[in-house]
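Structure below is query-v7.txt: compact mmCIF, C-alpha atoms.
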# COMPACT_ATOMS: atom_id res chain seq x y z
CA MET A 228 148.72 67.98 117.21
CA ASN A 229 151.19 70.84 117.06
CA VAL A 230 151.36 73.55 119.71
CA GLU A 231 152.97 76.84 118.82
CA ILE A 232 154.14 79.03 121.69
CA ILE A 233 153.72 82.72 120.99
CA PRO A 234 156.07 84.80 123.21
CA ALA A 235 154.59 87.56 125.31
CA ASN A 236 154.83 91.00 123.83
CA ARG A 237 156.08 93.33 126.53
CA HIS A 238 155.07 96.48 124.68
CA PHE A 239 151.58 95.09 124.18
CA GLU A 240 151.36 94.30 127.90
CA PHE A 241 152.37 97.82 128.80
CA LYS A 242 149.79 99.24 126.44
CA ARG A 243 147.14 96.90 127.78
CA ARG A 244 147.87 97.61 131.43
CA LEU A 245 148.27 101.33 130.84
CA TYR A 246 151.16 102.20 133.14
CA LYS A 247 150.42 105.89 133.43
CA ARG A 248 151.82 106.91 136.80
CA VAL A 249 155.55 106.27 136.76
CA ALA A 250 158.27 106.87 139.35
CA ALA A 251 161.93 105.99 139.70
CA TYR A 252 164.05 104.92 142.66
CA CYS A 253 167.77 105.74 142.92
CA ARG A 254 170.28 104.96 145.67
CA VAL A 255 173.97 105.35 146.40
CA SER A 256 175.59 103.93 149.51
CA THR A 257 177.75 106.88 150.66
CA ASP A 258 177.79 110.66 150.55
CA GLN A 259 181.15 110.83 148.78
CA GLU A 260 181.19 113.48 146.07
CA ILE A 261 181.55 111.00 143.21
CA GLN A 262 178.54 109.01 144.38
CA ILE A 263 176.46 112.13 144.93
CA ARG A 264 177.17 113.08 141.31
CA SER A 265 176.13 109.56 140.30
CA LEU A 266 172.88 109.96 142.23
CA GLU A 267 172.16 113.31 140.60
CA THR A 268 172.88 111.81 137.18
CA GLN A 269 170.50 108.91 137.82
CA GLN A 270 167.75 111.26 139.00
CA GLU A 271 168.12 113.53 135.98
CA TYR A 272 168.19 110.56 133.60
CA TYR A 273 164.99 108.98 134.91
CA GLU A 274 163.10 112.24 135.19
CA ASN A 275 163.88 113.06 131.56
CA LEU A 276 163.03 109.50 130.48
CA ILE A 277 159.66 109.44 132.18
CA LYS A 278 158.68 112.92 131.01
CA SER A 279 159.62 112.01 127.43
CA LYS A 280 156.89 109.34 127.28
CA PRO A 281 153.55 110.90 126.26
CA CYS A 282 151.52 108.14 127.94
CA TRP A 283 153.41 108.41 131.25
CA GLN A 284 152.66 110.72 134.14
CA PHE A 285 155.75 111.66 136.14
CA VAL A 286 155.11 110.91 139.82
CA GLY A 287 158.58 111.67 141.16
CA ILE A 288 162.07 110.45 141.90
CA TYR A 289 162.64 108.70 145.22
CA ALA A 290 166.27 108.62 146.34
CA ASP A 291 168.51 107.56 149.20
CA THR A 292 172.10 108.00 150.26
CA ALA A 293 172.27 104.99 152.54
CA SER A 294 173.54 101.46 152.88
CA GLY A 295 171.34 98.84 151.25
CA LEU A 296 171.69 96.40 154.15
CA ASN A 297 168.60 97.59 155.99
CA ASN A 298 165.79 99.18 154.00
CA LYS A 299 164.25 100.67 157.16
CA LYS A 300 167.04 103.25 156.97
CA MET A 301 166.31 103.92 153.29
CA LEU A 302 163.80 106.71 153.94
CA GLY A 303 163.27 107.51 150.28
CA PHE A 304 162.40 103.88 149.65
CA GLN A 305 159.98 103.89 152.57
CA ASP A 306 158.24 106.94 151.08
CA LEU A 307 158.07 105.12 147.75
CA MET A 308 156.46 102.05 149.33
CA GLN A 309 153.92 104.18 151.18
CA ASP A 310 152.89 105.96 147.97
CA CYS A 311 152.50 102.55 146.31
CA ARG A 312 150.24 101.45 149.16
CA ASN A 313 148.23 104.63 148.67
CA GLY A 314 147.70 103.73 145.00
CA LYS A 315 149.74 106.61 143.55
CA ILE A 316 152.17 104.58 141.39
CA ASP A 317 151.77 102.02 138.61
CA LEU A 318 155.39 101.51 137.51
CA ILE A 319 158.79 101.97 139.18
CA LEU A 320 162.03 102.24 137.22
CA ILE A 321 165.23 101.17 139.00
CA LYS A 322 168.76 101.00 137.64
CA SER A 323 169.58 97.54 139.05
CA ILE A 324 168.49 94.96 141.61
CA SER A 325 171.31 95.98 143.97
CA ARG A 326 169.85 99.51 144.24
CA LEU A 327 166.78 98.10 145.99
CA GLY A 328 168.95 96.75 148.79
CA ARG A 329 171.44 94.03 149.70
CA ASN A 330 169.37 92.09 152.19
CA THR A 331 167.81 89.16 150.33
CA VAL A 332 164.91 88.64 152.74
CA GLN A 333 163.92 92.31 152.83
CA PHE A 334 164.34 92.62 149.07
CA LEU A 335 162.04 89.70 148.26
CA LYS A 336 159.50 90.82 150.86
CA SER A 337 159.34 94.26 149.22
CA CYS A 338 158.96 92.71 145.75
CA ASP A 339 156.15 90.45 146.97
CA GLU A 340 154.32 93.43 148.45
CA LEU A 341 154.69 95.45 145.25
CA LYS A 342 153.34 92.57 143.18
CA ALA A 343 150.38 92.26 145.56
CA LEU A 344 149.74 95.98 145.09
CA ASN A 345 149.83 95.44 141.32
CA VAL A 346 152.82 97.78 141.00
CA GLU A 347 155.27 96.82 138.27
CA VAL A 348 159.02 97.28 138.73
CA PHE A 349 161.57 97.34 135.93
CA PHE A 350 165.29 96.75 136.66
CA GLU A 351 167.17 98.31 133.78
CA VAL A 352 170.58 96.59 134.06
CA GLU A 353 169.08 93.11 134.40
CA ASN A 354 166.31 93.97 131.91
CA ILE A 355 163.60 92.23 133.94
CA TYR A 356 160.22 93.03 135.45
CA ILE A 357 159.08 91.60 138.76
CA SER A 358 155.99 90.27 136.99
CA ASP A 359 158.09 88.01 134.71
CA LEU A 360 157.60 84.31 135.41
CA ASN A 361 161.32 83.68 135.88
CA ALA A 362 162.01 86.97 137.67
CA THR A 363 161.82 85.60 141.22
CA VAL A 364 164.49 82.98 140.64
CA MET A 365 166.78 85.41 138.84
CA MET A 366 166.31 88.13 141.44
CA THR A 367 166.92 85.72 144.32
CA VAL A 368 170.19 84.56 142.80
CA GLN A 369 171.32 88.10 142.02
CA GLU A 370 170.32 89.44 145.43
CA SER A 371 172.07 86.57 147.22
CA MET A 372 175.24 87.42 145.33
CA PHE A 373 174.98 91.09 146.31
CA GLN A 374 174.37 90.11 149.95
CA HIS A 375 177.36 87.77 149.96
CA GLU A 376 179.50 90.53 148.49
CA SER A 377 178.41 92.90 151.27
CA GLU A 378 179.03 90.28 153.95
CA GLU A 379 182.52 89.59 152.61
CA LYS A 380 183.32 93.29 152.41
CA SER A 381 182.08 93.79 155.98
CA TYR A 382 184.17 90.84 157.20
CA ASN A 383 187.30 92.17 155.49
CA THR A 384 186.72 95.61 156.99
CA ARG A 385 186.35 94.18 160.51
CA TRP A 386 189.42 91.98 160.00
CA GLY A 387 191.47 95.01 158.94
CA ILE A 388 190.34 97.00 161.97
CA ARG A 389 191.27 94.18 164.35
CA ALA A 390 194.63 93.71 162.66
CA ARG A 391 195.39 97.38 163.34
CA PHE A 392 194.18 96.89 166.92
CA THR A 393 196.76 94.12 167.33
CA GLU A 394 199.52 96.31 165.91
CA GLY A 395 198.48 99.26 168.09
CA SER A 396 198.19 101.44 164.98
CA SER A 397 194.44 102.01 164.92
CA LYS A 398 193.18 105.56 164.48
CA PHE A 399 190.62 104.79 167.21
CA ALA A 400 193.45 104.88 169.75
CA ASP A 401 193.75 108.63 169.21
CA ALA A 402 190.05 109.38 169.43
CA GLU A 403 189.53 112.58 171.42
CA CYS A 404 187.81 112.64 174.77
CA TYR A 405 187.25 115.29 177.45
CA GLY A 406 190.64 116.41 178.75
CA TYR A 407 192.53 115.79 175.52
CA ARG A 408 192.99 117.42 172.15
CA LYS A 409 194.90 116.29 169.07
CA ASP A 410 198.22 117.87 168.22
CA SER A 411 199.37 118.78 164.71
CA ASN A 412 200.31 115.14 164.11
CA GLY A 413 196.91 113.82 165.16
CA LYS A 414 198.19 112.47 168.47
CA LEU A 415 196.54 113.00 171.85
CA GLU A 416 197.87 115.75 174.06
CA VAL A 417 196.61 117.02 177.42
CA TYR A 418 194.24 120.00 177.28
CA GLU A 419 194.94 121.57 180.64
CA PRO A 420 191.65 123.49 181.26
CA GLU A 421 189.68 120.23 181.01
CA ALA A 422 192.45 118.09 182.52
CA GLU A 423 192.17 120.03 185.79
CA VAL A 424 188.46 119.17 185.92
CA ILE A 425 189.31 115.48 185.44
CA ARG A 426 191.80 115.61 188.34
CA ASN A 427 189.18 117.24 190.58
CA ILE A 428 186.60 114.56 189.72
CA TYR A 429 189.03 111.77 190.64
CA SER A 430 190.15 113.59 193.78
CA TRP A 431 186.58 114.15 194.99
CA ARG A 432 185.72 110.54 194.34
CA GLU A 433 188.73 109.37 196.37
CA GLN A 434 187.46 111.58 199.21
CA GLY A 435 184.19 109.65 199.13
CA VAL A 436 182.03 112.21 197.35
CA SER A 437 179.10 110.56 195.54
CA LEU A 438 178.58 110.86 191.80
CA ARG A 439 175.60 113.11 192.41
CA GLY A 440 177.70 115.19 194.80
CA ILE A 441 180.42 115.56 192.15
CA SER A 442 177.80 116.66 189.64
CA LYS A 443 176.53 119.27 192.09
CA ARG A 444 180.03 120.63 192.75
CA LEU A 445 180.77 120.98 189.04
CA SER A 446 177.50 122.83 188.48
CA GLU A 447 178.19 125.17 191.42
CA LEU A 448 181.59 125.98 189.90
CA GLY A 449 179.89 126.79 186.58
CA ILE A 450 181.81 124.10 184.71
CA LYS A 451 180.03 122.91 181.56
CA SER A 452 179.73 119.19 180.83
CA PRO A 453 181.55 117.67 177.83
CA ARG A 454 178.40 118.35 175.80
CA GLY A 455 178.09 121.93 177.00
CA LYS A 456 175.31 121.26 179.54
CA ASP A 457 174.99 123.13 182.82
CA VAL A 458 174.40 119.88 184.71
CA TRP A 459 176.74 116.91 184.53
CA GLY A 460 175.00 113.58 184.07
CA ILE A 461 175.77 110.80 186.55
CA GLU A 462 176.63 108.41 183.72
CA THR A 463 179.06 110.95 182.22
CA ILE A 464 180.96 111.12 185.50
CA ARG A 465 180.90 107.33 185.84
CA LEU A 466 182.39 106.94 182.34
CA ILE A 467 185.15 109.44 183.15
CA LEU A 468 186.07 107.55 186.31
CA ASN A 469 186.26 104.29 184.33
CA ASN A 470 188.16 105.70 181.35
CA GLU A 471 191.66 104.24 181.09
CA LYS A 472 192.76 107.08 178.81
CA TYR A 473 193.26 109.37 181.81
CA ARG A 474 196.00 106.99 182.98
CA GLY A 475 197.72 107.13 179.60
CA ASP A 476 196.39 103.79 178.31
CA VAL A 477 193.93 102.89 175.57
CA LEU A 478 191.53 99.93 175.52
CA LEU A 479 190.30 99.09 172.03
CA GLN A 480 187.14 97.23 170.99
CA LYS A 481 185.03 98.18 173.97
CA THR A 482 182.01 97.83 171.69
CA PHE A 483 181.09 95.91 168.56
CA VAL A 484 178.43 95.83 165.85
CA ASP A 485 176.48 92.65 166.44
CA GLU A 486 175.19 91.91 162.93
CA LEU A 487 175.68 92.97 159.34
CA PHE A 488 172.06 94.07 158.91
CA THR A 489 170.98 95.44 162.30
CA LYS A 490 174.13 97.57 162.72
CA LYS A 491 173.42 97.75 166.47
CA ARG A 492 176.45 98.69 168.55
CA ARG A 493 176.75 96.79 171.81
CA PRO A 494 179.22 96.78 174.72
CA ASN A 495 181.84 94.05 174.36
CA LYS A 496 181.35 91.74 177.34
CA GLY A 497 183.77 89.08 176.16
CA GLU A 498 182.24 88.32 172.75
CA TYR A 499 185.42 89.61 171.07
CA PRO A 500 189.01 90.16 172.23
CA GLN A 501 190.04 93.57 173.52
CA TYR A 502 193.39 95.30 173.03
CA LEU A 503 195.08 97.29 175.80
CA ILE A 504 197.81 99.72 174.71
CA GLU A 505 199.76 100.87 177.77
CA ASN A 506 201.59 104.21 177.98
CA HIS A 507 200.02 105.29 174.69
CA HIS A 508 199.94 109.00 175.58
CA GLU A 509 200.55 111.40 178.44
CA SER A 510 198.54 110.66 181.55
CA ILE A 511 196.34 113.30 183.18
CA LEU A 512 196.30 111.61 186.58

Once more with this new file: its structure as structure tokens, please.
Amino acid sequence: MNVEIIPANRHFEFKRRLYKRVAAYCRVSTDQEIQIRSLETQQEYYENLIKSKPCWQFVGIYADTASGLNNKKMLGFQDLMQDCRNGKIDLILIKSISRLGRNTVQFLKSCDELKALNVEVFFEVENIYISDLNATVMMTVQESMFQHESEEKSYNTRWGIRARFTEGSSKFADAECYGYRKDSNGKLEVYEPEAEVIRNIYSWREQGVSLRGISKRLSELGIKSPRGKDVWGIETIRLILNNEKYRGDVLLQKTFVDELFTKKRRPNKGEYPQYLIENHHESIL
């Protein structure tokens, strides 16, 4: 007995399933001009493509300018998923797998949901549909590669930052704070109108005035807070009193980003080394 395997006909499947309502998703990772132009080009390309098909109804273009590490921050993608849940879309066109994100778990979870909603997705570069039998394996491999690439890039970036910390050449050392401005060379210099306020805060504290009492005195004098508020927050005053910059020093890596995907910034309580640069700039105190 001979068995002949007849390959699936993709065009026949499309005709049979009648993908009428079609959308596209586009993403770039930064707002640099060259990437914005790339995003605009992608949007124009897919809009023209969809509208050129007589049997397709153009639903819209969903787009993001965001990192692909956490799709919760990809607001255009979230809108796309919600419209799929509401039954508004049959087919989504995407340039490549990497555009749907670089977090393997989130990527596969989204694909599983779309398949459950009977929404087809076509990745143009890889030339695959999520409904293909071998698509899951291929997409998992591809997505894992993209994730590894992002992790390696993130590691190299952090390593470079810490290397500059060690050398004392980090741009973060010259970050402005209340009481300082940057000179023409980008270096910190004392801004006397605010520096006098800093000296008063330290002087009052040495006299035993409470943080709330200092806040009250500043308000009575009509001095605006660093954010332009009429009332100085207690935490703002506390941070000023604990800021080594007013003594002319700089402490680097006070905080850190805990994970590649969550991007949550946390205070450094010994998880990573810190770098103290003494006599970095002119002291206010």

inquiry  = Give me the residues near Asn345 of chain A as number ranges by chain, where near means some atom within 10 Å (using only C-alpha atoms) and where sequence neighbours in that chain fewer than 5 positions away do not count.
reply    = A: 311-312, 314, 316-318, 339-340, 358

message = I'd like the neighbourhood of Lys247 of chain A as a list in words, where a residue qualifies if any of its atoms comes within 12 Å (using all atoms listed in the file), though same-chain residues fewer than 3 positions away should be ignored.
response = Phe241, Lys242, Arg243, Arg244, Ala250, Ile277, Lys278, Lys280, Pro281, Cys282, Trp283, Gln284, Phe285, Val286, Lys315, Ile316, Asp317, Leu318, Ile319, Val346 and Glu347 of chain A

request  = Just the residues within 12 Å of Arg432 of chain A, please, counting only C-alpha atoms, with nothing from its chain fewer than 2 positions along; format it as a list in words.
outcome  =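 After dropping sequence-adjacent residues, the list is Ile425, Arg426, Asn427, Ile428, Tyr429, Ser430, Gln434, Gly435, Val436, Ser437, Leu438, Arg439, Gly440, Ile441, Ser442, Arg444, Ile464, Arg465, Ile467, Leu468 and Asn469 of chain A.
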
query = Skipping near chain neighbours, those fewer than 4 positions away, what residues fall within 8 Å of Ile321 of chain A using all atoms listed in the file, listed as number ranges by chain?
reply = A: 251-253, 326-327, 348-351

Save the residues we just selected, C-alpha atoms, as a PDB file, in the frame of the given file?
ATOM      1  CA  ALA A 251     161.930 105.990 139.700  1.00  0.00           C
ATOM      2  CA  TYR A 252     164.050 104.920 142.660  1.00  0.00           C
ATOM      3  CA  CYS A 253     167.770 105.740 142.920  1.00  0.00           C
ATOM      4  CA  ARG A 326     169.850  99.510 144.240  1.00  0.00           C
ATOM      5  CA  LEU A 327     166.780  98.100 145.990  1.00  0.00           C
ATOM      6  CA  VAL A 348     159.020  97.280 138.730  1.00  0.00           C
ATOM      7  CA  PHE A 349     161.570  97.340 135.930  1.00  0.00           C
ATOM      8  CA  PHE A 350     165.290  96.750 136.660  1.00  0.00           C
ATOM      9  CA  GLU A 351     167.170  98.310 133.780  1.00  0.00           C
TER      10      GLU A 351
END

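When the distance limit is 10 Å and all atoms listed in the file are what count, the residues near Arg454 of chain A, minus those fewer than 3 positions from it on the same chain, are A:Tyr405, A:Lys451, A:Asp457, A:Val458, A:Trp459, A:Thr463.
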
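Counting from atom CA of Cys338 of chain A, the distance to atom CA of Asp291 of chain A is 18.0 Å.
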
request  = Kindly give the distance, in Å, that separates atom CA of Gln305 of chain A and atom CA of Gly287 of chain A, rounded to a single decimal.
outcome  =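 About the pair atom CA of Gln305 of chain A and atom CA of Gly287 of chain A: they are 13.9 Å apart.
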
ask   = Rounded to one decimal in Å, what is the spacing between atom CA of Thr268 of chain A and atom CA of Lys342 of chain A?
value =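 Straight-line distance from atom CA of Thr268 of chain A to atom CA of Lys342 of chain A works out to 28.1 Å.
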
ask   = For Lys414 of chain A, which of A:Glu447, A:Asp401, A:Glu509, A:Glu353 is the closest residue, counting all atoms listed in the file?
value =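 Looking at the shortest contact to Lys414 of chain A, the residue is A:Asp401.
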
request  = Using all atoms listed in the file, pick whichever of A:Glu416, A:Arg492, A:Leu307, A:Gly406 has the shortest atom-to-atom distance to Ser452 of chain A.
outcome  =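 Of the candidates, the smallest distance to Ser452 of chain A is held by A:Gly406.
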
ask   = Between A:Ile288, A:Ser325, A:Asn354, A:Ala402, which has the minimum distance to Leu276 of chain A (counting all atoms listed in the file)?
value = A:Ile288

message = My list of candidates is A:Ala293, A:Leu341, A:Ala400, A:Ile355. Which is closest to Gln480 of chain A when distances are computed with all atoms listed in the file?
response =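 So, comparing all the options, the nearest one is A:Ala400.
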
query = Closest to Tyr473 of chain A among A:Glu274, A:Glu433, A:Asp306, A:Glu423, using only C-alpha atoms?
reply =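 Smallest distance to Tyr473 of chain A is found for A:Glu423.
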